[in-house]
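One file, model-v3.txt, carrying compact mmCIF, N, CA and C atoms:
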```txt
# COMPACT_ATOMS: atom_id res chain seq x y z
N MET Q 18 0.85 -1.17 0.00
CA MET Q 18 0.00 0.00 0.00
C MET Q 18 0.89 1.23 0.00
N ASP Q 19 0.52 2.19 -0.79
CA ASP Q 19 1.28 3.42 -0.89
C ASP Q 19 0.91 4.34 0.25
N ILE Q 20 1.83 4.54 1.17
CA ILE Q 20 1.57 5.31 2.39
C ILE Q 20 1.78 6.80 2.17
N PHE Q 21 2.50 7.19 1.14
CA PHE Q 21 2.83 8.60 0.95
C PHE Q 21 1.62 9.51 0.73
N PRO Q 22 0.61 9.11 -0.03
CA PRO Q 22 -0.58 9.98 -0.12
C PRO Q 22 -1.28 10.17 1.24
N ILE Q 23 -1.28 9.13 2.05
CA ILE Q 23 -1.89 9.23 3.38
C ILE Q 23 -1.09 10.21 4.24
N ILE Q 24 0.23 10.11 4.18
CA ILE Q 24 1.07 11.02 4.94
C ILE Q 24 0.88 12.45 4.47
N ALA Q 25 0.80 12.64 3.15
CA ALA Q 25 0.62 13.99 2.61
C ALA Q 25 -0.70 14.60 3.05
N VAL Q 26 -1.78 13.82 2.95
CA VAL Q 26 -3.09 14.32 3.39
C VAL Q 26 -3.07 14.63 4.88
N THR Q 27 -2.46 13.76 5.65
CA THR Q 27 -2.41 13.95 7.10
C THR Q 27 -1.63 15.22 7.47
N LEU Q 28 -0.45 15.37 6.89
CA LEU Q 28 0.34 16.56 7.21
C LEU Q 28 -0.36 17.84 6.77
N PHE Q 29 -0.97 17.82 5.60
CA PHE Q 29 -1.72 18.99 5.13
C PHE Q 29 -2.86 19.30 6.09
N ALA Q 30 -3.57 18.28 6.51
CA ALA Q 30 -4.70 18.49 7.41
C ALA Q 30 -4.25 19.02 8.77
N VAL Q 31 -3.12 18.51 9.27
CA VAL Q 31 -2.61 18.97 10.57
C VAL Q 31 -2.22 20.44 10.49
N ILE Q 32 -1.53 20.81 9.44
CA ILE Q 32 -1.09 22.20 9.29
C ILE Q 32 -2.30 23.12 9.12
N MET Q 33 -3.23 22.73 8.27
CA MET Q 33 -4.42 23.57 8.04
C MET Q 33 -5.29 23.65 9.29
N ALA Q 34 -5.44 22.55 9.99
CA ALA Q 34 -6.26 22.56 11.20
C ALA Q 34 -5.62 23.44 12.27
N ALA Q 35 -4.30 23.42 12.37
CA ALA Q 35 -3.61 24.28 13.34
C ALA Q 35 -3.83 25.74 13.00
N MET Q 36 -3.78 26.07 11.71
CA MET Q 36 -4.02 27.46 11.30
C MET Q 36 -5.47 27.87 11.52
N LEU Q 37 -6.39 26.96 11.24
CA LEU Q 37 -7.81 27.27 11.38
C LEU Q 37 -8.24 27.37 12.84
N LYS Q 38 -7.59 26.62 13.71
CA LYS Q 38 -7.98 26.63 15.13
C LYS Q 38 -7.72 27.97 15.79
N LYS Q 39 -6.81 28.76 15.23
CA LYS Q 39 -6.56 30.08 15.78
C LYS Q 39 -7.78 30.98 15.63
N ASN Q 40 -8.48 30.85 14.53
CA ASN Q 40 -9.63 31.71 14.25
C ASN Q 40 -10.96 31.04 14.56
N ASN Q 41 -11.08 29.78 14.15
CA ASN Q 41 -12.36 29.10 14.28
C ASN Q 41 -12.12 27.61 14.53
N ILE Q 42 -12.37 27.17 15.73
CA ILE Q 42 -12.11 25.78 16.12
C ILE Q 42 -12.99 24.81 15.32
N GLU Q 43 -14.22 25.20 15.03
CA GLU Q 43 -15.13 24.30 14.33
C GLU Q 43 -14.62 23.94 12.94
N TYR Q 44 -14.04 24.90 12.23
CA TYR Q 44 -13.52 24.61 10.89
C TYR Q 44 -12.34 23.64 10.96
N GLY Q 45 -11.52 23.77 11.97
CA GLY Q 45 -10.41 22.84 12.15
C GLY Q 45 -10.89 21.43 12.40
N LEU Q 46 -11.96 21.31 13.21
CA LEU Q 46 -12.54 19.99 13.48
C LEU Q 46 -13.16 19.39 12.23
N ILE Q 47 -13.86 20.21 11.45
CA ILE Q 47 -14.47 19.73 10.20
C ILE Q 47 -13.38 19.27 9.23
N LEU Q 48 -12.30 20.05 9.13
CA LEU Q 48 -11.20 19.66 8.26
C LEU Q 48 -10.59 18.34 8.70
N SER Q 49 -10.40 18.18 10.00
CA SER Q 49 -9.84 16.93 10.52
C SER Q 49 -10.77 15.75 10.21
N LEU Q 50 -12.06 15.95 10.42
CA LEU Q 50 -13.03 14.89 10.14
C LEU Q 50 -13.03 14.51 8.66
N MET Q 51 -13.01 15.49 7.80
CA MET Q 51 -13.00 15.19 6.36
C MET Q 51 -11.70 14.47 5.96
N SER Q 52 -10.60 14.83 6.59
CA SER Q 52 -9.33 14.16 6.29
C SER Q 52 -9.37 12.70 6.75
N VAL Q 53 -9.94 12.46 7.92
CA VAL Q 53 -10.07 11.09 8.42
C VAL Q 53 -10.92 10.26 7.46
N ILE Q 54 -12.01 10.83 7.00
CA ILE Q 54 -12.89 10.10 6.06
C ILE Q 54 -12.16 9.83 4.75
N LEU Q 55 -11.43 10.81 4.24
CA LEU Q 55 -10.68 10.63 3.00
C LEU Q 55 -9.63 9.53 3.14
N ILE Q 56 -8.91 9.53 4.25
CA ILE Q 56 -7.89 8.50 4.48
C ILE Q 56 -8.54 7.13 4.63
N LEU Q 57 -9.65 7.07 5.35
CA LEU Q 57 -10.35 5.80 5.52
C LEU Q 57 -10.83 5.24 4.18
N LEU Q 58 -11.36 6.10 3.32
CA LEU Q 58 -11.80 5.65 2.00
C LEU Q 58 -10.61 5.14 1.18
N PHE Q 59 -9.48 5.82 1.26
CA PHE Q 59 -8.28 5.38 0.55
C PHE Q 59 -7.83 4.00 1.03
N VAL Q 60 -7.83 3.82 2.33
CA VAL Q 60 -7.42 2.53 2.91
C VAL Q 60 -8.40 1.43 2.51
N LEU Q 61 -9.70 1.73 2.56
CA LEU Q 61 -10.70 0.73 2.17
C LEU Q 61 -10.54 0.32 0.71
N GLU Q 62 -10.23 1.28 -0.14
CA GLU Q 62 -10.02 0.97 -1.55
C GLU Q 62 -8.84 0.03 -1.73
N LYS Q 63 -7.79 0.25 -0.96
CA LYS Q 63 -6.59 -0.60 -1.07
C LYS Q 63 -6.80 -1.99 -0.48
N THR Q 64 -7.76 -2.14 0.43
CA THR Q 64 -7.98 -3.45 1.06
C THR Q 64 -9.02 -4.30 0.34
N LEU Q 65 -9.63 -3.79 -0.71
CA LEU Q 65 -10.64 -4.58 -1.43
C LEU Q 65 -10.11 -5.93 -1.92
N PRO Q 66 -8.91 -6.03 -2.50
CA PRO Q 66 -8.42 -7.36 -2.90
C PRO Q 66 -8.31 -8.32 -1.71
N PHE Q 67 -7.87 -7.82 -0.58
CA PHE Q 67 -7.78 -8.64 0.62
C PHE Q 67 -9.15 -9.14 1.04
N ILE Q 68 -10.13 -8.27 1.05
CA ILE Q 68 -11.49 -8.65 1.43
C ILE Q 68 -12.06 -9.67 0.45
N GLU Q 69 -11.79 -9.50 -0.84
CA GLU Q 69 -12.26 -10.47 -1.84
C GLU Q 69 -11.61 -11.84 -1.62
N GLU Q 70 -10.35 -11.85 -1.26
CA GLU Q 70 -9.65 -13.12 -0.99
C GLU Q 70 -10.24 -13.80 0.23
N ILE Q 71 -10.53 -13.05 1.27
CA ILE Q 71 -11.15 -13.61 2.47
C ILE Q 71 -12.54 -14.15 2.13
N GLN Q 72 -13.28 -13.42 1.30
CA GLN Q 72 -14.61 -13.86 0.88
C GLN Q 72 -14.52 -15.19 0.12
N ALA Q 73 -13.52 -15.33 -0.73
CA ALA Q 73 -13.32 -16.59 -1.46
C ALA Q 73 -12.98 -17.72 -0.49
N LEU Q 74 -12.18 -17.44 0.51
CA LEU Q 74 -11.86 -18.45 1.52
C LEU Q 74 -13.11 -18.89 2.28
N ILE Q 75 -13.95 -17.93 2.63
CA ILE Q 75 -15.17 -18.24 3.37
C ILE Q 75 -16.10 -19.12 2.53
N ASN Q 76 -16.16 -18.84 1.23
CA ASN Q 76 -17.06 -19.61 0.35
C ASN Q 76 -16.49 -20.96 -0.06
N SER Q 77 -15.22 -21.23 0.26
CA SER Q 77 -14.61 -22.51 -0.10
C SER Q 77 -15.10 -23.61 0.84
N ASP Q 78 -14.69 -24.81 0.57
CA ASP Q 78 -15.13 -25.97 1.34
C ASP Q 78 -14.25 -26.25 2.56
N ILE Q 79 -13.34 -25.37 2.87
CA ILE Q 79 -12.43 -25.59 3.99
C ILE Q 79 -13.22 -25.43 5.29
N THR Q 80 -13.10 -26.42 6.17
CA THR Q 80 -13.82 -26.35 7.45
C THR Q 80 -13.04 -25.49 8.44
N GLY Q 81 -13.74 -24.96 9.40
CA GLY Q 81 -13.11 -24.16 10.43
C GLY Q 81 -13.01 -22.68 10.11
N LEU Q 82 -13.57 -22.27 8.98
CA LEU Q 82 -13.48 -20.86 8.59
C LEU Q 82 -14.76 -20.09 8.95
N GLU Q 83 -15.60 -20.67 9.78
CA GLU Q 83 -16.85 -20.00 10.14
C GLU Q 83 -16.58 -18.75 10.97
N VAL Q 84 -15.42 -18.68 11.57
CA VAL Q 84 -15.10 -17.57 12.45
C VAL Q 84 -14.56 -16.36 11.68
N LEU Q 85 -14.17 -16.52 10.42
CA LEU Q 85 -13.60 -15.42 9.65
C LEU Q 85 -14.54 -14.23 9.49
N PRO Q 86 -15.82 -14.42 9.14
CA PRO Q 86 -16.69 -13.24 9.05
C PRO Q 86 -16.80 -12.49 10.37
N ILE Q 87 -16.84 -13.23 11.46
CA ILE Q 87 -16.91 -12.60 12.78
C ILE Q 87 -15.63 -11.82 13.04
N LEU Q 88 -14.50 -12.41 12.70
CA LEU Q 88 -13.21 -11.75 12.89
C LEU Q 88 -13.13 -10.45 12.08
N LEU Q 89 -13.58 -10.49 10.83
CA LEU Q 89 -13.56 -9.28 10.00
C LEU Q 89 -14.47 -8.19 10.58
N LYS Q 90 -15.63 -8.58 11.08
CA LYS Q 90 -16.53 -7.60 11.68
C LYS Q 90 -15.92 -6.99 12.94
N VAL Q 91 -15.26 -7.82 13.73
CA VAL Q 91 -14.61 -7.33 14.95
C VAL Q 91 -13.51 -6.34 14.60
N VAL Q 92 -12.72 -6.64 13.59
CA VAL Q 92 -11.66 -5.73 13.17
C VAL Q 92 -12.27 -4.41 12.68
N GLY Q 93 -13.34 -4.49 11.90
CA GLY Q 93 -14.01 -3.28 11.42
C GLY Q 93 -14.56 -2.43 12.55
N ILE Q 94 -15.22 -3.07 13.51
CA ILE Q 94 -15.77 -2.35 14.66
C ILE Q 94 -14.64 -1.68 15.45
N THR Q 95 -13.54 -2.40 15.62
CA THR Q 95 -12.41 -1.87 16.37
C THR Q 95 -11.81 -0.64 15.70
N ILE Q 96 -11.59 -0.73 14.39
CA ILE Q 96 -10.99 0.39 13.67
C ILE Q 96 -11.90 1.61 13.69
N ILE Q 97 -13.15 1.42 13.37
CA ILE Q 97 -14.09 2.55 13.30
C ILE Q 97 -14.30 3.17 14.67
N SER Q 98 -14.46 2.34 15.69
CA SER Q 98 -14.68 2.90 17.03
C SER Q 98 -13.44 3.60 17.56
N GLN Q 99 -12.26 3.08 17.25
CA GLN Q 99 -11.03 3.73 17.68
C GLN Q 99 -10.88 5.10 17.03
N MET Q 100 -11.18 5.18 15.74
CA MET Q 100 -11.10 6.47 15.04
C MET Q 100 -12.12 7.45 15.62
N THR Q 101 -13.33 6.99 15.85
CA THR Q 101 -14.37 7.85 16.40
C THR Q 101 -14.01 8.32 17.80
N SER Q 102 -13.50 7.42 18.61
CA SER Q 102 -13.10 7.76 19.96
C SER Q 102 -11.98 8.80 19.96
N THR Q 103 -11.02 8.63 19.09
CA THR Q 103 -9.92 9.58 19.01
C THR Q 103 -10.40 10.96 18.56
N ILE Q 104 -11.31 10.99 17.60
CA ILE Q 104 -11.87 12.27 17.15
C ILE Q 104 -12.61 12.94 18.29
N CYS Q 105 -13.37 12.17 19.05
CA CYS Q 105 -14.08 12.73 20.21
C CYS Q 105 -13.10 13.29 21.24
N LYS Q 106 -12.02 12.56 21.52
CA LYS Q 106 -11.03 13.03 22.48
C LYS Q 106 -10.35 14.30 21.98
N ASP Q 107 -10.04 14.36 20.68
CA ASP Q 107 -9.39 15.54 20.12
C ASP Q 107 -10.28 16.77 20.18
N SER Q 108 -11.58 16.56 20.12
CA SER Q 108 -12.50 17.70 20.18
C SER Q 108 -12.91 18.02 21.61
N GLY Q 109 -12.31 17.33 22.58
CA GLY Q 109 -12.58 17.63 23.98
C GLY Q 109 -13.79 16.93 24.56
N GLN Q 110 -14.29 15.92 23.90
CA GLN Q 110 -15.48 15.18 24.35
C GLN Q 110 -15.07 13.81 24.86
N SER Q 111 -14.36 13.77 25.97
CA SER Q 111 -13.85 12.49 26.48
C SER Q 111 -14.98 11.58 26.97
N ALA Q 112 -16.09 12.15 27.45
CA ALA Q 112 -17.22 11.30 27.87
C ALA Q 112 -17.83 10.58 26.67
N LEU Q 113 -17.94 11.27 25.54
CA LEU Q 113 -18.44 10.61 24.33
C LEU Q 113 -17.45 9.55 23.84
N ALA Q 114 -16.17 9.84 23.94
CA ALA Q 114 -15.15 8.87 23.53
C ALA Q 114 -15.26 7.60 24.38
N TYR Q 115 -15.45 7.76 25.68
CA TYR Q 115 -15.61 6.62 26.56
C TYR Q 115 -16.87 5.82 26.20
N SER Q 116 -17.95 6.53 25.87
CA SER Q 116 -19.20 5.85 25.48
C SER Q 116 -19.02 5.04 24.20
N VAL Q 117 -18.28 5.59 23.26
CA VAL Q 117 -18.01 4.87 22.01
C VAL Q 117 -17.18 3.62 22.30
N ASP Q 118 -16.19 3.75 23.17
CA ASP Q 118 -15.36 2.59 23.54
C ASP Q 118 -16.20 1.49 24.18
N ILE Q 119 -17.07 1.87 25.10
CA ILE Q 119 -17.94 0.88 25.77
C ILE Q 119 -18.87 0.22 24.75
N ALA Q 120 -19.48 1.03 23.88
CA ALA Q 120 -20.40 0.48 22.87
C ALA Q 120 -19.68 -0.49 21.95
N ALA Q 121 -18.45 -0.18 21.57
CA ALA Q 121 -17.68 -1.08 20.71
C ALA Q 121 -17.37 -2.39 21.41
N ARG Q 122 -16.99 -2.31 22.67
CA ARG Q 122 -16.68 -3.53 23.42
C ARG Q 122 -17.91 -4.42 23.58
N VAL Q 123 -19.04 -3.82 23.87
CA VAL Q 123 -20.28 -4.59 24.01
C VAL Q 123 -20.66 -5.21 22.67
N SER Q 124 -20.52 -4.45 21.58
CA SER Q 124 -20.83 -4.98 20.25
C SER Q 124 -19.94 -6.17 19.91
N ILE Q 125 -18.67 -6.08 20.26
CA ILE Q 125 -17.74 -7.17 19.98
C ILE Q 125 -18.09 -8.40 20.81
N LEU Q 126 -18.44 -8.19 22.08
CA LEU Q 126 -18.84 -9.33 22.92
C LEU Q 126 -20.09 -10.02 22.35
N ILE Q 127 -21.08 -9.24 21.95
CA ILE Q 127 -22.30 -9.81 21.38
C ILE Q 127 -21.99 -10.56 20.09
N LEU Q 128 -21.12 -9.98 19.27
CA LEU Q 128 -20.75 -10.60 18.00
C LEU Q 128 -20.01 -11.92 18.21
N CYS Q 129 -19.25 -12.02 19.30
CA CYS Q 129 -18.45 -13.22 19.57
C CYS Q 129 -19.20 -14.29 20.36
N LEU Q 130 -20.44 -14.06 20.73
CA LEU Q 130 -21.20 -15.06 21.48
C LEU Q 130 -21.26 -16.43 20.81
N PRO Q 131 -21.49 -16.50 19.50
CA PRO Q 131 -21.49 -17.84 18.87
C PRO Q 131 -20.14 -18.56 18.99
N VAL Q 132 -19.06 -17.82 18.93
CA VAL Q 132 -17.73 -18.42 19.07
C VAL Q 132 -17.56 -18.97 20.49
N PHE Q 133 -17.96 -18.17 21.50
CA PHE Q 133 -17.88 -18.63 22.88
C PHE Q 133 -18.74 -19.86 23.09
N THR Q 134 -19.92 -19.88 22.50
CA THR Q 134 -20.82 -21.03 22.63
C THR Q 134 -20.19 -22.28 22.02
N ASN Q 135 -19.58 -22.14 20.84
CA ASN Q 135 -18.91 -23.28 20.20
C ASN Q 135 -17.75 -23.80 21.05
N ILE Q 136 -17.00 -22.90 21.64
CA ILE Q 136 -15.88 -23.31 22.49
C ILE Q 136 -16.39 -24.07 23.72
N LEU Q 137 -17.43 -23.54 24.35
CA LEU Q 137 -17.98 -24.21 25.52
C LEU Q 137 -18.57 -25.57 25.17
N ASN Q 138 -19.24 -25.67 24.02
CA ASN Q 138 -19.77 -26.96 23.57
C ASN Q 138 -18.64 -27.96 23.30
N PHE Q 139 -17.57 -27.48 22.73
CA PHE Q 139 -16.42 -28.33 22.46
C PHE Q 139 -15.80 -28.85 23.76
N ILE Q 140 -15.65 -27.96 24.73
CA ILE Q 140 -15.12 -28.36 26.04
C ILE Q 140 -16.05 -29.38 26.71
N HIS Q 141 -17.34 -29.14 26.60
CA HIS Q 141 -18.32 -30.07 27.18
C HIS Q 141 -18.22 -31.45 26.53
N GLU Q 142 -18.04 -31.51 25.21
CA GLU Q 142 -17.89 -32.78 24.52
C GLU Q 142 -16.62 -33.52 24.95
N ILE Q 143 -15.55 -32.76 25.15
CA ILE Q 143 -14.29 -33.37 25.57
C ILE Q 143 -14.42 -33.97 26.98
N LEU Q 144 -15.09 -33.24 27.85
CA LEU Q 144 -15.21 -33.67 29.24
C LEU Q 144 -16.24 -34.80 29.40
N SER Q 145 -17.13 -34.96 28.45
CA SER Q 145 -18.16 -36.01 28.56
C SER Q 145 -17.62 -37.38 28.20
```
When written as structure tokens, how does the structure in this file appear?
Amino acid sequence: MDIFPIIAVTLFAVIMAAMLKKNNIEYGLILSLMSVILILLFVLEKTLPFIEEIQALINSDITGLEVLPILLKVVGITIISQMTSTICKDSGQSALAYSVDIAARVSILILCLPVFTNILNFIHEILS
């Protein structure tokens, strides 16, 4: 993945946001948010081949890959919630950042319930 466009956008956004924050904090926050979205879209575009390969693996006849969709969702929730939490912290909203972190953790736990159930069933079979 070509990291230089991401670095260029990030540095430009940091410099512009610093200049804008002197006059108007809201414009600096909007610029930062738009930069985050632009970088996220760039990264998502670069990961499409990886996602297609994982999708092909899931659709194959290989056993034991039932956990891959859950794993991908967990990674997505983690990345998005981390970015949102950081944006909230940067804008001075630490209570909102904490709420996003809690919501992400609960979502991940709920998403992983089938995996936990399978593990417990497997342990029960072994012990029986």
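Using all atoms listed in the file for every distance, the candidate list Q:Lys63, Q:Pro22, Q:Leu88, Q:Gln99 yields Q:Gln99 as the residue closest to Q:Val117.
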For atom CA of Q:Val132 and atom N of Q:Ser77, quote the distance in Å rounded to one decimal.
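According to the coordinates, atom CA of Q:Val132 and atom N of Q:Ser77 are separated by 19.2 Å.
Here atom C of Q:Ile94 stands at a distance of 7.4 Å from atom N of Q:Ala121.
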Atom CA of Q:Thr103 and atom CA of Q:Arg122, how far apart in Å?
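Separating atom CA of Q:Arg122 from atom CA of Q:Thr103 is a distance of 15.4 Å.
For the choices Q:Ala30, Q:Leu89, Q:Leu61, Q:Ile75, the atom-to-atom distance to Q:Ile125 is smallest for Q:Leu89 when using only C-alpha atoms.
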Measuring between only C-alpha atoms, which one of Q:Met51, Q:Glu70, Q:Ile127, Q:Ser98 shows the shortest distance to Q:Ala114?
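So, comparing all the options, the nearest one is Q:Ser98.
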